[in-house]
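What follows is start-v1.tsv (TSV, C-alpha atoms (C1' of nucleotides)).
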```
chain	number	residue	atom	x	y	z
A	713	LEU	CA	0.83	65.48	36.73
A	714	GLU	CA	1.79	68.56	34.71
A	715	SER	CA	-1.08	68.00	32.28
A	716	VAL	CA	-3.47	67.51	35.15
A	717	GLY	CA	-2.55	70.86	36.70
A	718	ALA	CA	-0.58	69.73	39.74
A	719	GLN	CA	1.44	72.59	41.20
A	720	MET	CA	3.44	70.65	43.75
A	721	VAL	CA	4.12	67.01	44.56
A	722	LEU	CA	4.70	65.27	47.86
A	723	ALA	CA	7.33	62.65	48.63
A	724	ASN	CA	7.87	60.60	51.74
A	725	THR	CA	10.85	60.68	54.06
A	726	TYR	CA	10.35	57.33	55.77
A	727	HIS	CA	9.96	55.30	52.59
A	728	LEU	CA	12.68	57.08	50.62
A	729	MET	CA	15.26	56.81	53.41
A	730	LEU	CA	14.76	53.05	53.39
A	731	ARG	CA	14.54	52.69	49.63
A	732	PRO	CA	16.40	53.83	47.63
A	733	GLY	CA	18.11	55.76	50.45
A	734	ALA	CA	18.52	59.52	50.97
A	735	GLU	CA	22.25	59.45	50.16
A	736	LEU	CA	21.55	57.93	46.77
A	737	VAL	CA	18.92	60.57	45.98
A	738	ALA	CA	21.34	63.30	47.06
A	739	GLU	CA	24.07	61.80	44.92
A	740	LEU	CA	21.74	61.93	41.92
A	741	GLY	CA	21.03	65.59	42.45
A	742	GLY	CA	18.08	65.53	44.87
A	743	LEU	CA	14.44	64.69	44.34
A	744	HIS	CA	13.72	67.21	41.55
A	745	SER	CA	16.44	65.82	39.40
A	746	PHE	CA	15.93	62.23	40.52
A	747	MET	CA	12.26	62.10	39.53
A	748	GLY	CA	12.31	64.75	36.82
A	749	TRP	CA	9.85	67.10	38.47
A	750	ASN	CA	10.74	70.76	38.03
A	751	GLY	CA	7.98	72.22	40.19
A	752	PRO	CA	7.90	72.48	43.96
A	753	ILE	CA	8.25	69.34	46.09
A	754	LEU	CA	7.22	68.86	49.70
A	755	THR	CA	8.34	65.93	51.81
A	756	ASP	CA	6.38	64.53	54.68
A	757	SER	CA	8.60	63.92	57.68
A	758	GLY	CA	7.58	60.34	58.38
A	759	GLY	CA	5.01	61.55	60.89
A	760	TYR	CA	2.20	59.85	59.03
A	761	GLN	CA	4.03	56.53	59.37
A	762	ILE	CA	3.98	57.05	63.14
A	763	PHE	CA	0.23	56.78	62.71
A	764	SER	CA	0.01	54.09	60.04
A	765	LEU	CA	2.89	51.77	61.00
A	766	ASP	CA	2.58	52.05	64.76
A	767	PRO	CA	6.24	52.20	65.85
A	768	VAL	CA	7.40	52.47	69.46
A	769	ILE	CA	7.75	56.15	70.41
A	770	ASP	CA	9.99	57.59	73.10
A	771	GLU	CA	11.50	61.01	73.73
A	772	GLU	CA	14.32	60.31	71.29
A	773	GLY	CA	12.12	59.41	68.33
A	774	ALA	CA	10.10	56.68	66.69
A	775	ARG	CA	11.51	53.18	66.46
A	776	PHE	CA	10.26	51.32	63.40
A	777	ARG	CA	10.84	47.85	62.13
A	778	SER	CA	11.67	48.44	58.52
A	779	THR	CA	8.81	47.82	56.14
A	780	TYR	CA	11.26	46.36	53.64
A	781	ASP	CA	13.77	44.16	55.47
A	782	GLY	CA	12.63	44.05	59.11
A	783	SER	CA	15.67	45.88	60.44
A	784	SER	CA	15.14	48.41	63.23
A	785	VAL	CA	15.07	52.06	62.24
A	786	LEU	CA	15.14	55.10	64.52
A	787	LEU	CA	13.44	58.13	63.07
A	788	SER	CA	14.16	61.12	65.30
A	789	PRO	CA	13.36	64.79	64.59
A	790	GLU	CA	17.04	65.29	63.73
A	791	GLU	CA	17.23	62.22	61.50
A	792	SER	CA	14.08	63.27	59.66
A	793	MET	CA	15.63	66.70	59.05
A	794	ARG	CA	18.93	65.21	57.92
A	795	VAL	CA	17.15	62.94	55.47
A	796	GLN	CA	14.90	65.71	54.14
A	797	GLN	CA	17.89	67.97	53.60
A	798	LEU	CA	19.51	65.22	51.57
A	799	LEU	CA	16.32	64.62	49.57
A	800	GLY	CA	16.20	68.35	48.84
A	801	PRO	CA	12.51	69.29	48.66
A	802	ASP	CA	11.40	72.91	48.64
A	803	VAL	CA	9.34	72.34	51.76
A	804	ALA	CA	10.28	70.04	54.63
A	805	MET	CA	8.01	69.08	57.52
A	806	VAL	CA	8.92	68.57	61.17
A	807	LEU	CA	8.56	65.09	62.57
A	808	ASP	CA	5.30	65.06	64.52
A	809	VAL	CA	3.20	62.61	66.49
A	810	LEU	CA	-0.12	61.85	64.83
A	811	VAL	CA	-2.74	59.81	66.67
A	812	GLY	CA	-5.83	58.22	65.20
A	813	LEU	CA	-9.26	59.31	66.43
A	814	PRO	CA	-11.12	58.84	68.61
A	815	ALA	CA	-8.36	58.85	71.25
A	816	PRO	CA	-8.27	59.57	75.00
A	817	ALA	CA	-7.63	63.23	75.82
A	818	GLU	CA	-4.36	62.33	77.51
A	819	VAL	CA	-3.06	60.59	74.39
A	820	VAL	CA	-3.92	63.59	72.22
A	821	SER	CA	-2.39	65.96	74.76
A	822	ASP	CA	0.82	63.93	74.91
A	823	ALA	CA	1.02	64.01	71.12
A	824	VAL	CA	0.70	67.81	71.18
A	825	GLU	CA	3.50	68.21	73.73
A	826	GLN	CA	5.78	65.65	72.12
A	827	THR	CA	5.28	67.33	68.74
A	828	LEU	CA	6.16	70.74	70.21
A	829	ARG	CA	9.37	69.38	71.77
A	830	TRP	CA	10.31	67.64	68.53
A	831	SER	CA	9.49	70.80	66.57
A	832	GLU	CA	12.13	72.75	68.50
A	833	ARG	CA	14.69	70.04	67.83
A	834	ALA	CA	13.78	70.03	64.14
A	835	LEU	CA	14.28	73.79	63.92
A	836	THR	CA	17.67	73.45	65.54
A	837	ALA	CA	18.66	70.69	63.13
A	838	HIS	CA	17.43	72.55	60.08
A	839	ALA	CA	20.42	74.02	58.25
A	840	ARG	CA	19.30	74.65	54.68
A	841	PRO	CA	18.13	78.25	54.22
A	842	ASP	CA	16.95	77.41	50.68
A	843	GLN	CA	14.48	74.94	52.12
A	844	ALA	CA	11.30	76.02	53.92
A	845	LEU	CA	10.48	74.19	57.14
A	846	PHE	CA	6.88	73.87	58.24
A	847	GLY	CA	5.71	73.16	61.78
A	848	ILE	CA	2.72	70.93	62.41
A	849	VAL	CA	-0.28	71.56	64.64
A	850	GLN	CA	-1.83	68.61	66.44
A	851	GLY	CA	-4.62	68.38	69.03
A	852	GLY	CA	-7.23	66.02	67.66
A	853	VAL	CA	-10.71	67.55	67.67
A	854	ASP	CA	-10.33	69.29	71.05
A	855	PRO	CA	-10.44	73.09	70.54
A	856	VAL	CA	-8.41	73.73	73.69
A	857	LEU	CA	-5.63	71.39	72.63
A	858	ARG	CA	-5.77	72.77	69.11
A	859	ARG	CA	-5.28	76.32	70.34
A	860	ARG	CA	-2.46	75.24	72.63
A	861	SER	CA	-0.72	73.40	69.79
A	862	ALA	CA	-1.26	76.20	67.25
A	863	ARG	CA	0.04	78.93	69.59
A	864	GLY	CA	3.04	76.88	70.61
A	865	THR	CA	3.90	76.02	67.01
A	866	ALA	CA	3.36	79.57	65.76
A	867	ALA	CA	5.64	80.92	68.48
A	868	LEU	CA	8.51	78.82	67.15
A	869	GLY	CA	8.50	80.84	63.93
A	870	PHE	CA	8.16	78.40	61.07
A	871	ALA	CA	7.96	79.35	57.39
A	872	GLY	CA	4.54	77.75	57.12
A	873	PHE	CA	2.20	75.53	59.08
A	874	GLY	CA	0.84	72.08	58.65
A	875	ILE	CA	-2.45	71.30	60.33
A	876	GLY	CA	-2.13	67.63	61.11
A	877	GLY	CA	-4.01	64.97	63.00
A	878	LEU	CA	-7.14	65.26	60.88
A	879	SER	CA	-8.87	62.89	58.44
A	880	VAL	CA	-8.06	60.08	60.84
A	881	GLY	CA	-11.52	59.00	61.94
A	882	GLU	CA	-13.29	62.17	63.08
A	883	ALA	CA	-16.62	63.42	61.70
A	884	ALA	CA	-16.65	66.33	59.26
A	885	ASP	CA	-18.17	68.77	61.75
A	886	GLU	CA	-15.61	67.83	64.40
A	887	ARG	CA	-12.85	68.46	61.90
A	888	ASN	CA	-14.33	71.82	60.95
A	889	ARG	CA	-14.50	72.90	64.58
A	890	ALA	CA	-10.89	71.83	65.06
A	891	LEU	CA	-9.91	73.99	62.07
A	892	GLU	CA	-11.88	76.91	63.46
A	893	ALA	CA	-9.90	76.65	66.70
A	894	THR	CA	-6.59	76.36	64.86
A	895	VAL	CA	-6.54	78.84	62.00
A	896	PRO	CA	-6.97	82.09	64.00
A	897	GLU	CA	-3.87	81.18	66.03
A	898	LEU	CA	-1.64	80.94	62.96
A	899	PRO	CA	-0.11	83.98	61.23
A	900	ALA	CA	-2.30	85.10	58.34
A	901	SER	CA	0.71	85.73	56.13
A	902	LYS	CA	1.95	82.13	56.28
A	903	VAL	CA	0.71	79.07	54.43
A	904	ARG	CA	-1.82	76.87	56.25
A	905	TYR	CA	-1.58	73.37	54.95
A	906	VAL	CA	-4.16	70.78	55.96
A	907	MET	CA	-2.28	67.52	55.78
A	908	GLY	CA	-3.98	64.49	54.29
A	909	LEU	CA	-7.32	66.03	53.43
A	910	GLY	CA	-8.58	65.48	49.90
A	911	ASP	CA	-12.31	64.93	49.47
A	912	ALA	CA	-14.15	67.79	47.77
A	913	GLU	CA	-16.44	68.65	50.67
A	914	GLY	CA	-13.66	68.49	53.24
A	915	VAL	CA	-11.33	70.68	51.20
A	916	LEU	CA	-14.01	73.28	50.48
A	917	ASP	CA	-14.92	73.43	54.15
A	918	ALA	CA	-11.27	73.92	55.04
A	919	VAL	CA	-10.76	76.63	52.41
A	920	GLY	CA	-13.77	78.43	53.83
A	921	ARG	CA	-12.01	78.39	57.20
A	922	GLY	CA	-8.83	79.92	55.88
A	923	CYS	CA	-6.72	76.98	54.72
A	924	ASP	CA	-4.52	77.21	51.64
A	925	LEU	CA	-2.79	73.98	50.81
A	926	PHE	CA	-3.70	70.28	50.73
A	927	ASP	CA	-2.26	66.92	49.84
A	928	CYS	CA	-4.03	63.61	49.68
A	929	VAL	CA	-4.06	60.07	48.33
A	930	TRP	CA	-7.85	60.25	48.11
A	931	PRO	CA	-8.16	60.87	44.34
A	932	THR	CA	-5.64	58.21	43.38
A	933	ARG	CA	-6.59	55.57	45.92
A	934	LEU	CA	-10.29	55.89	45.13
A	935	ALA	CA	-9.42	55.70	41.43
A	936	ARG	CA	-7.58	52.44	41.97
A	937	HIS	CA	-10.60	51.13	43.85
A	938	GLY	CA	-12.92	52.10	41.00
A	939	ARG	CA	-14.56	55.13	42.63
A	940	ILE	CA	-14.97	57.98	40.17
A	941	LEU	CA	-15.17	61.59	41.32
A	942	THR	CA	-17.41	64.04	39.46
A	943	LEU	CA	-19.20	67.30	40.09
A	944	ASP	CA	-22.49	65.43	39.78
A	945	GLY	CA	-21.58	62.94	42.50
A	946	ASP	CA	-19.20	60.03	42.76
A	947	PHE	CA	-19.88	56.56	41.42
A	948	ASN	CA	-18.49	53.05	41.47
A	949	LEU	CA	-17.29	52.12	37.99
A	950	ARG	CA	-17.27	48.40	38.86
A	951	ARG	CA	-21.06	48.27	38.77
A	952	ALA	CA	-22.44	46.05	36.01
A	953	GLU	CA	-24.55	48.88	34.63
A	954	TYR	CA	-21.40	50.49	33.20
A	955	SER	CA	-20.33	47.40	31.25
A	956	SER	CA	-21.81	48.76	28.01
A	957	ASP	CA	-21.78	52.47	28.81
A	958	SER	CA	-20.13	54.27	25.90
A	959	ARG	CA	-20.01	57.65	27.65
A	960	PRO	CA	-16.83	59.10	29.13
A	961	LEU	CA	-16.49	59.08	32.91
A	962	ASP	CA	-17.60	62.70	32.94
A	963	GLU	CA	-18.89	64.52	29.86
A	964	THR	CA	-17.69	67.86	31.19
A	965	CYS	CA	-14.16	66.75	32.08
A	966	ARG	CA	-11.12	67.96	30.15
A	967	CYS	CA	-8.82	65.08	31.10
A	968	HIS	CA	-7.08	62.74	28.70
A	969	THR	CA	-9.09	59.77	29.95
A	970	CYS	CA	-12.45	61.43	29.40
A	971	ALA	CA	-11.37	62.69	25.99
A	972	THR	CA	-10.27	59.24	24.88
A	973	VAL	CA	-12.06	56.23	26.32
A	974	SER	CA	-15.48	55.05	27.52
A	975	ARG	CA	-16.74	53.91	30.89
A	976	ALA	CA	-17.25	50.45	29.40
A	977	TYR	CA	-13.60	50.21	28.35
A	978	LEU	CA	-12.29	51.55	31.66
A	979	ARG	CA	-14.53	49.15	33.57
A	980	HIS	CA	-13.20	46.32	31.44
A	981	LEU	CA	-9.60	47.29	32.23
A	982	LEU	CA	-10.50	47.46	35.91
A	983	THR	CA	-12.30	44.12	36.11
A	984	THR	CA	-9.54	42.36	34.21
A	985	ASN	CA	-6.91	43.78	36.60
A	986	GLU	CA	-5.21	45.71	33.85
A	987	LEU	CA	-2.85	48.19	35.52
A	988	THR	CA	-3.57	50.83	32.87
A	989	ALA	CA	-6.94	51.32	34.54
A	990	PHE	CA	-5.21	52.66	37.65
A	991	ARG	CA	-3.38	55.32	35.67
A	992	LEU	CA	-6.30	56.37	33.48
A	993	LEU	CA	-8.71	56.60	36.40
A	994	SER	CA	-6.16	58.38	38.60
A	995	LEU	CA	-5.66	60.91	35.83
A	996	HIS	CA	-9.37	61.66	35.90
A	997	ASN	CA	-9.77	61.88	39.68
A	998	LEU	CA	-6.72	64.13	39.93
A	999	THR	CA	-8.07	66.36	37.19
A	1000	PHE	CA	-11.40	66.59	38.97
A	1001	THR	CA	-9.74	67.52	42.26
A	1002	LEU	CA	-7.25	70.01	40.83
A	1003	ASP	CA	-9.84	71.65	38.58
A	1004	LEU	CA	-12.03	72.07	41.63
A	1005	MET	CA	-9.14	73.85	43.34
A	1006	ALA	CA	-8.57	76.05	40.28
A	1007	GLN	CA	-12.24	77.02	40.26
A	1008	THR	CA	-12.03	77.65	43.99
A	1009	ARG	CA	-9.18	80.13	43.48
A	1010	VAL	CA	-11.19	81.95	40.82
A	1011	ALA	CA	-14.26	82.05	43.06
A	1012	ILE	CA	-12.19	83.52	45.90
A	1013	ALA	CA	-10.65	86.11	43.61
A	1014	GLU	CA	-14.12	87.11	42.41
A	1015	GLY	CA	-15.48	87.27	45.94
A	1016	ARG	CA	-18.07	84.52	45.56
A	1017	PHE	CA	-16.46	81.61	47.37
A	1018	ASP	CA	-19.35	80.89	49.76
A	1019	SER	CA	-21.93	80.45	47.03
A	1020	PHE	CA	-19.46	78.47	44.94
A	1021	ARG	CA	-18.83	76.06	47.82
A	1022	ASP	CA	-22.53	75.69	48.57
A	1023	ASP	CA	-23.36	75.11	44.89
A	1024	VAL	CA	-20.70	72.42	44.51
A	1025	LYS	CA	-21.79	70.62	47.66
A	1026	ALA	CA	-25.47	70.77	46.72
A	1027	ARG	CA	-24.82	69.55	43.21
A	1028	ARG	CA	-22.71	66.63	44.35
A	1029	ARG	CA	-25.17	65.71	47.08
A	1030	GLY	CA	-28.13	65.94	44.71
A	1031	MET	CA	-26.80	63.42	42.28
A	1032	GLN	CA	-25.27	61.04	44.77
A	1033	ALA	CA	-28.40	58.89	44.97
A	1034	GLY	CA	-28.73	58.57	41.19
A	1035	ALA	CA	-25.18	57.32	40.94
A	1036	SER	CA	-25.05	57.02	37.17
A	1037	GLY	CA	-24.80	60.77	36.68
B	226	G	C1'	-25.67	-0.18	17.21
B	227	G	C1'	-22.29	-0.62	21.66
B	228	G	C1'	-19.40	1.46	25.79
B	229	G	C1'	-17.90	5.38	29.04
B	230	G	C1'	-17.46	10.45	31.49
B	231	C	C1'	-20.06	14.64	33.23
B	232	G	C1'	-24.85	17.41	35.02
B	233	U	C1'	-23.94	21.10	42.42
B	234	G	C1'	-26.13	29.48	43.61
B	235	G	C1'	-25.06	33.70	37.51
B	236	U	C1'	-20.05	30.99	35.86
B	237	G	C1'	-16.17	27.31	36.89
B	238	A	C1'	-14.91	23.77	40.34
B	239	A	C1'	-14.45	20.78	45.21
B	240	G	C1'	-17.73	17.59	48.08
B	241	C	C1'	-19.73	11.51	46.34
B	242	A	C1'	-15.28	5.98	47.44
B	243	U	C1'	-16.80	5.00	53.56
B	244	G	C1'	-24.89	8.34	53.23
B	245	G	C1'	-25.56	12.34	58.66
B	246	A	C1'	-27.98	20.24	58.47
B	247	G	C1'	-26.70	22.92	50.94
B	248	U	C1'	-20.80	22.88	53.22
B	249	U	C1'	-16.21	25.03	50.72
B	250	C	C1'	-13.10	27.77	47.01
B	251	A	C1'	-12.48	31.13	42.83
B	252	C	C1'	-14.87	34.55	39.58
B	253	G	C1'	-19.30	37.38	38.99
B	254	C	C1'	-23.43	40.39	41.36
B	255	C	C1'	-25.09	44.07	45.35
B	256	G	C1'	-23.74	47.34	49.50
B	257	G	C1'	-20.35	49.81	52.85
B	258	C	C1'	-15.39	51.59	53.80
B	259	C	C1'	-10.84	54.21	52.16
B	260	U	C1'	-8.12	61.05	53.24
B	261	G	C1'	0.40	63.74	55.34
B	262	U	C1'	-0.12	55.65	50.64
B	263	C	C1'	4.26	49.20	53.68
B	264	A	C1'	0.19	51.02	45.94
B	265	A	C1'	-2.67	46.91	42.93
B	266	G	C1'	-7.22	47.03	48.93
B	267	C	C1'	-10.52	45.86	53.28
B	268	C	C1'	-15.36	44.47	55.37
B	269	G	C1'	-20.27	42.77	54.72
B	270	G	C1'	-24.54	40.73	51.90
B	271	A	C1'	-27.73	38.25	48.39
B	272	G	C1'	-28.13	34.08	45.42
B	273	G	C1'	-28.81	26.74	44.93
B	274	U	C1'	-35.87	22.03	43.69
B	275	C	C1'	-27.41	19.33	44.02
B	276	G	C1'	-30.77	17.81	35.67
B	277	C	C1'	-35.56	15.04	36.22
B	278	G	C1'	-38.46	10.66	38.09
B	279	G	C1'	-38.52	6.46	41.10
B	280	G	C1'	-36.20	3.08	44.73
B	281	U	C1'	-33.19	1.69	49.24
B	282	U	C1'	-32.64	3.98	54.19
B	283	C	C1'	-34.33	6.76	60.40
B	284	A	C1'	-31.51	9.89	56.90
B	285	A	C1'	-29.54	10.62	49.78
B	286	A	C1'	-25.80	15.88	46.26
B	287	U	C1'	-23.58	11.02	47.86
B	288	C	C1'	-25.96	4.20	46.98
B	289	C	C1'	-29.40	1.57	43.10
B	290	C	C1'	-32.77	1.80	38.66
B	291	G	C1'	-34.83	4.62	34.80
B	292	U	C1'	-34.86	8.95	31.92
B	293	C	C1'	-33.28	13.61	29.63
B	294	G	C1'	-29.17	16.73	28.31
B	295	U	C1'	-24.09	16.99	27.06
B	296	C	C1'	-19.18	15.34	25.78
B	297	C	C1'	-15.85	11.37	24.38
B	298	C	C1'	-14.50	6.43	22.50
B	299	C	C1'	-15.52	1.92	19.47
B	300	G	C1'	-18.36	0.05	15.21
```
Output the file's structure as structure tokens, nothing else.
Amino acid sequence: LESVGAQMVLANTYHLMLRPGAELVAELGGLHSFMGWNGPILTDSGGYQIFSLDPVIDEEGARFRSTYDGSSVLLSPEESMRVQQLLGPDVAMVLDVLVGLPAPAEVVSDAVEQTLRWSERALTAHARPDQALFGIVQGGVDPVLRRRSARGTAALGFAGFGIGGLSVGEAADERNRALEATVPELPASKVRYVMGLGDAEGVLDAVGRGCDLFDCVWPTRLARHGRILTLDGDFNLRRAEYSSDSRPLDETCRCHTCATVSRAYLRHLLTTNELTAFRLLSLHNLTFTLDLMAQTRVAIAEGRFDSFRDDVKARRRGMQAGASG
RNA sequence: GGGGGCGUGGUGAAGCAUGGAGUUCACGCCGGCCUGUCAAGCCGGAGGUCGCGGGUUCAAAUCCCGUCGUCCCCG
């Protein structure tokens, strides 16, 4: 991750509290020491698992059946804070309620209000001044609910702000409108973090609307599924046409994978279920994504972000049909 | 010279004894999906004169005969 240019890594509260356990991580010096990562770490609160694992939610918290042993687990705003303070990331997130889209207005509205109530409890439970706590905005793709959630969250005075509840089924233009309703309500001096957004077009659109920080499984998951990200469009490495292709994944890429091995070899590793393929391809997709962000920062600094974004999108769109790049 | 096994989408197998719509499985091929990760995935599609010829039968991948290919055994 260092070689690829990652500035920060994300870890997960729900999974780590169940295995290996927050107390164990704390005993071993916290996440930085435990995993040997010296840069910043952010932990998600477990809110995403409220979406993906579908626990029962009540005012107290979310009641899960453990993914690992079937036991029942209560994740409340206070418990999420306690666990995150034991894990010791630089940035902790409040426990929020994230609903998949499309959803009835009432469901989205309830998620906004529940998240606001839990946010207050999280702030109260937060006791580590060396750890930043971010609030999370919800509201689906409804501008009114977005504004309500953003204002309410901003008023609580967090160190930074997550913009959640996106990349869960909505169309790109709906997401962009939701961001446009959200960002102006958040303090300009604080970080705006779009949670779970990671495709090039989506990230560029969000940057153009004032967002600063992102995290996503997109590059790594697509890599494991054989989808290769490049500036000239993405392609599926499993296609037979790559079986004897001696070129690197991307001629212009600086990553270790592109400097070392061919498409044909990587495809072979992939089709023979060799786990090395996952790592080599992830290395490339992460490099692509993080280099794009580095170029984005330069473009912003030089005052040419809009044309940069449009050029990238046009270039990727143009080559999409040709596939082979 | 004699005896036996096997020929089923691109590949490998089931199916055949007791005939009933080319059915099934794996791999491969093509397409779609994946976004704060119960990872290594999910969904869909295309593709077959059942080696070939003949016979029996209302009906044959299946039963019978012949033939070709292939593998094995005996001499």
Original post:
Which residues come within 12 Å of C298 (chain B), counting all atoms listed in the file, excluding same-chain residues fewer than 6 positions away, as a VMD selection string?
Top reply: chain B and resid 227 to 230
Please return, as a PDB file with C-alpha atoms (C1' of nucleotides), in the frame of the given file, all residues of chain B lying within 6 Å of chain A when only C-alpha atoms (C1' of nucleotides) are considered.
```pdb
ATOM      1  C1'   U B 260      -8.120  61.050  53.240  1.00  0.00           C
ATOM      2  C1'   G B 261       0.400  63.740  55.340  1.00  0.00           C
ATOM      3  C1'   C B 263       4.260  49.200  53.680  1.00  0.00           C
TER       4        C B 263
END
```
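Atom pair CA of Tyr726 (chain A) / CA of Met793 (chain A) has a distance of 11.2 Å (rounded to one decimal).
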Original post:
Do you know which residues are at most 12 Å from G279 (chain B) counting all atoms listed in the file, after dropping those on the same chain fewer than 4 positions away, and could you put them as a PyMOL selection string?
Top reply: chain B and resi 289-292
**OP:** For a cut-off of 7 Å around (-23.0, 40.6, 45.5), file coordinates, pick out all residues using only C-alpha atoms (C1' of nucleotides) and list them as an MDAnalysis selection string.
**Re:** chainID B and resid 254:255 270:271
**OP:** Dig up all the protein and nucleic acid residues within 10 Å of (-18.3, 29.7, 37.2) in the file frame, using all atoms listed in the file, and format them as a list in words.
**Re:** G235, U236, G237, A238, A251, C252 and G253 of chain B
Taking C-alpha atoms (C1' of nucleotides) for each residue, export the selection above as a compact mmCIF listing (two decimals), keeping the file's coordinate frame.
```
# COMPACT_ATOMS: atom_id res chain seq x y z
C1' G B 235 -25.06 33.70 37.51
C1' U B 236 -20.05 30.99 35.86
C1' G B 237 -16.17 27.31 36.89
C1' A B 238 -14.91 23.77 40.34
C1' A B 251 -12.48 31.13 42.83
C1' C B 252 -14.87 34.55 39.58
C1' G B 253 -19.30 37.38 38.99
```
Original post:
Could you work out how far CA of Asp917 (chain A) lies from CA of Gly864 (chain A), giving the answer in Å with one decimal?
Top reply: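 So the two atoms, CA of Gly864 (chain A) and CA of Asp917 (chain A), lie 24.6 Å apart.
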Original post:
What is the C1' of A264 (chain B) to CA of Leu1002 (chain A) distance in Å?
Top reply: 21.0 Å
Subject >> Shell of 10 Å around Leu857 (chain A), all atoms listed in the file, local chain residues under 2 positions omitted, as a list in words >> reply: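 Contacts, with the query itself left out: Ala817, Val820, Ser821, Val824, Glu825, Val849, Gln850, Gly851, Gly852, Val853, Asp854, Pro855, Arg859, Arg860, Ser861, Ala862, Arg863, Ala890, Ala893 and Thr894 of chain A.
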Would you output that residue set with C-alpha atoms, as a PDB file, in the coordinates of the input?
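out.pdb, written as the output of this step:
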```pdb
ATOM      1  CA  ALA A 817      -7.630  63.230  75.820  1.00  0.00           C
ATOM      2  CA  VAL A 820      -3.920  63.590  72.220  1.00  0.00           C
ATOM      3  CA  SER A 821      -2.390  65.960  74.760  1.00  0.00           C
ATOM      4  CA  VAL A 824       0.700  67.810  71.180  1.00  0.00           C
ATOM      5  CA  GLU A 825       3.500  68.210  73.730  1.00  0.00           C
ATOM      6  CA  VAL A 849      -0.280  71.560  64.640  1.00  0.00           C
ATOM      7  CA  GLN A 850      -1.830  68.610  66.440  1.00  0.00           C
ATOM      8  CA  GLY A 851      -4.620  68.380  69.030  1.00  0.00           C
ATOM      9  CA  GLY A 852      -7.230  66.020  67.660  1.00  0.00           C
ATOM     10  CA  VAL A 853     -10.710  67.550  67.670  1.00  0.00           C
ATOM     11  CA  ASP A 854     -10.330  69.290  71.050  1.00  0.00           C
ATOM     12  CA  PRO A 855     -10.440  73.090  70.540  1.00  0.00           C
ATOM     13  CA  ARG A 859      -5.280  76.320  70.340  1.00  0.00           C
ATOM     14  CA  ARG A 860      -2.460  75.240  72.630  1.00  0.00           C
ATOM     15  CA  SER A 861      -0.720  73.400  69.790  1.00  0.00           C
ATOM     16  CA  ALA A 862      -1.260  76.200  67.250  1.00  0.00           C
ATOM     17  CA  ARG A 863       0.040  78.930  69.590  1.00  0.00           C
ATOM     18  CA  ALA A 890     -10.890  71.830  65.060  1.00  0.00           C
ATOM     19  CA  ALA A 893      -9.900  76.650  66.700  1.00  0.00           C
ATOM     20  CA  THR A 894      -6.590  76.360  64.860  1.00  0.00           C
TER      21      THR A 894
END
```
Subject >> Shell of 10 Å around Glu714 (chain A), only C-alpha atoms (C1' of nucleotides), local chain residues under 5 positions omitted, as number ranges by chain >> reply: A: 719-720, 749-751
Subject >> Near-Asp822 (chain A) list (10 Å; all atoms listed in the file; drop same-chain fewer than 6 positions) as an NGL selection string >> reply: :A and (809 or 811 or 828 or 851)
Original post:
Which residue out of B:G266, B:G272, B:U281, B:U287 has the minimum interatomic distance to U243 (chain B) when all atoms listed in the file are used?
Top reply: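 Closest to U243 (chain B) of all the choices is B:U287.
Of the listed residues A:Thr972, A:Ser956, A:Ser715, A:Thr1001, the one whose atoms come nearest to Leu916 (chain A) is A:Thr1001, with distances taken using only C-alpha atoms.
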**OP:** Pick out the closest residue to A285 (chain B) from this set: B:G240, B:G245, B:G256, B:G273. Count only C-alpha atoms (C1' of nucleotides).
**Re:**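 Among the listed residues, B:G245 lies closest to A285 (chain B).
Closest approach to Phe1017 (chain A) among A:Arg975, A:Leu992, A:Asn948, A:Gly922 is made by A:Gly922 (distances from all atoms listed in the file).
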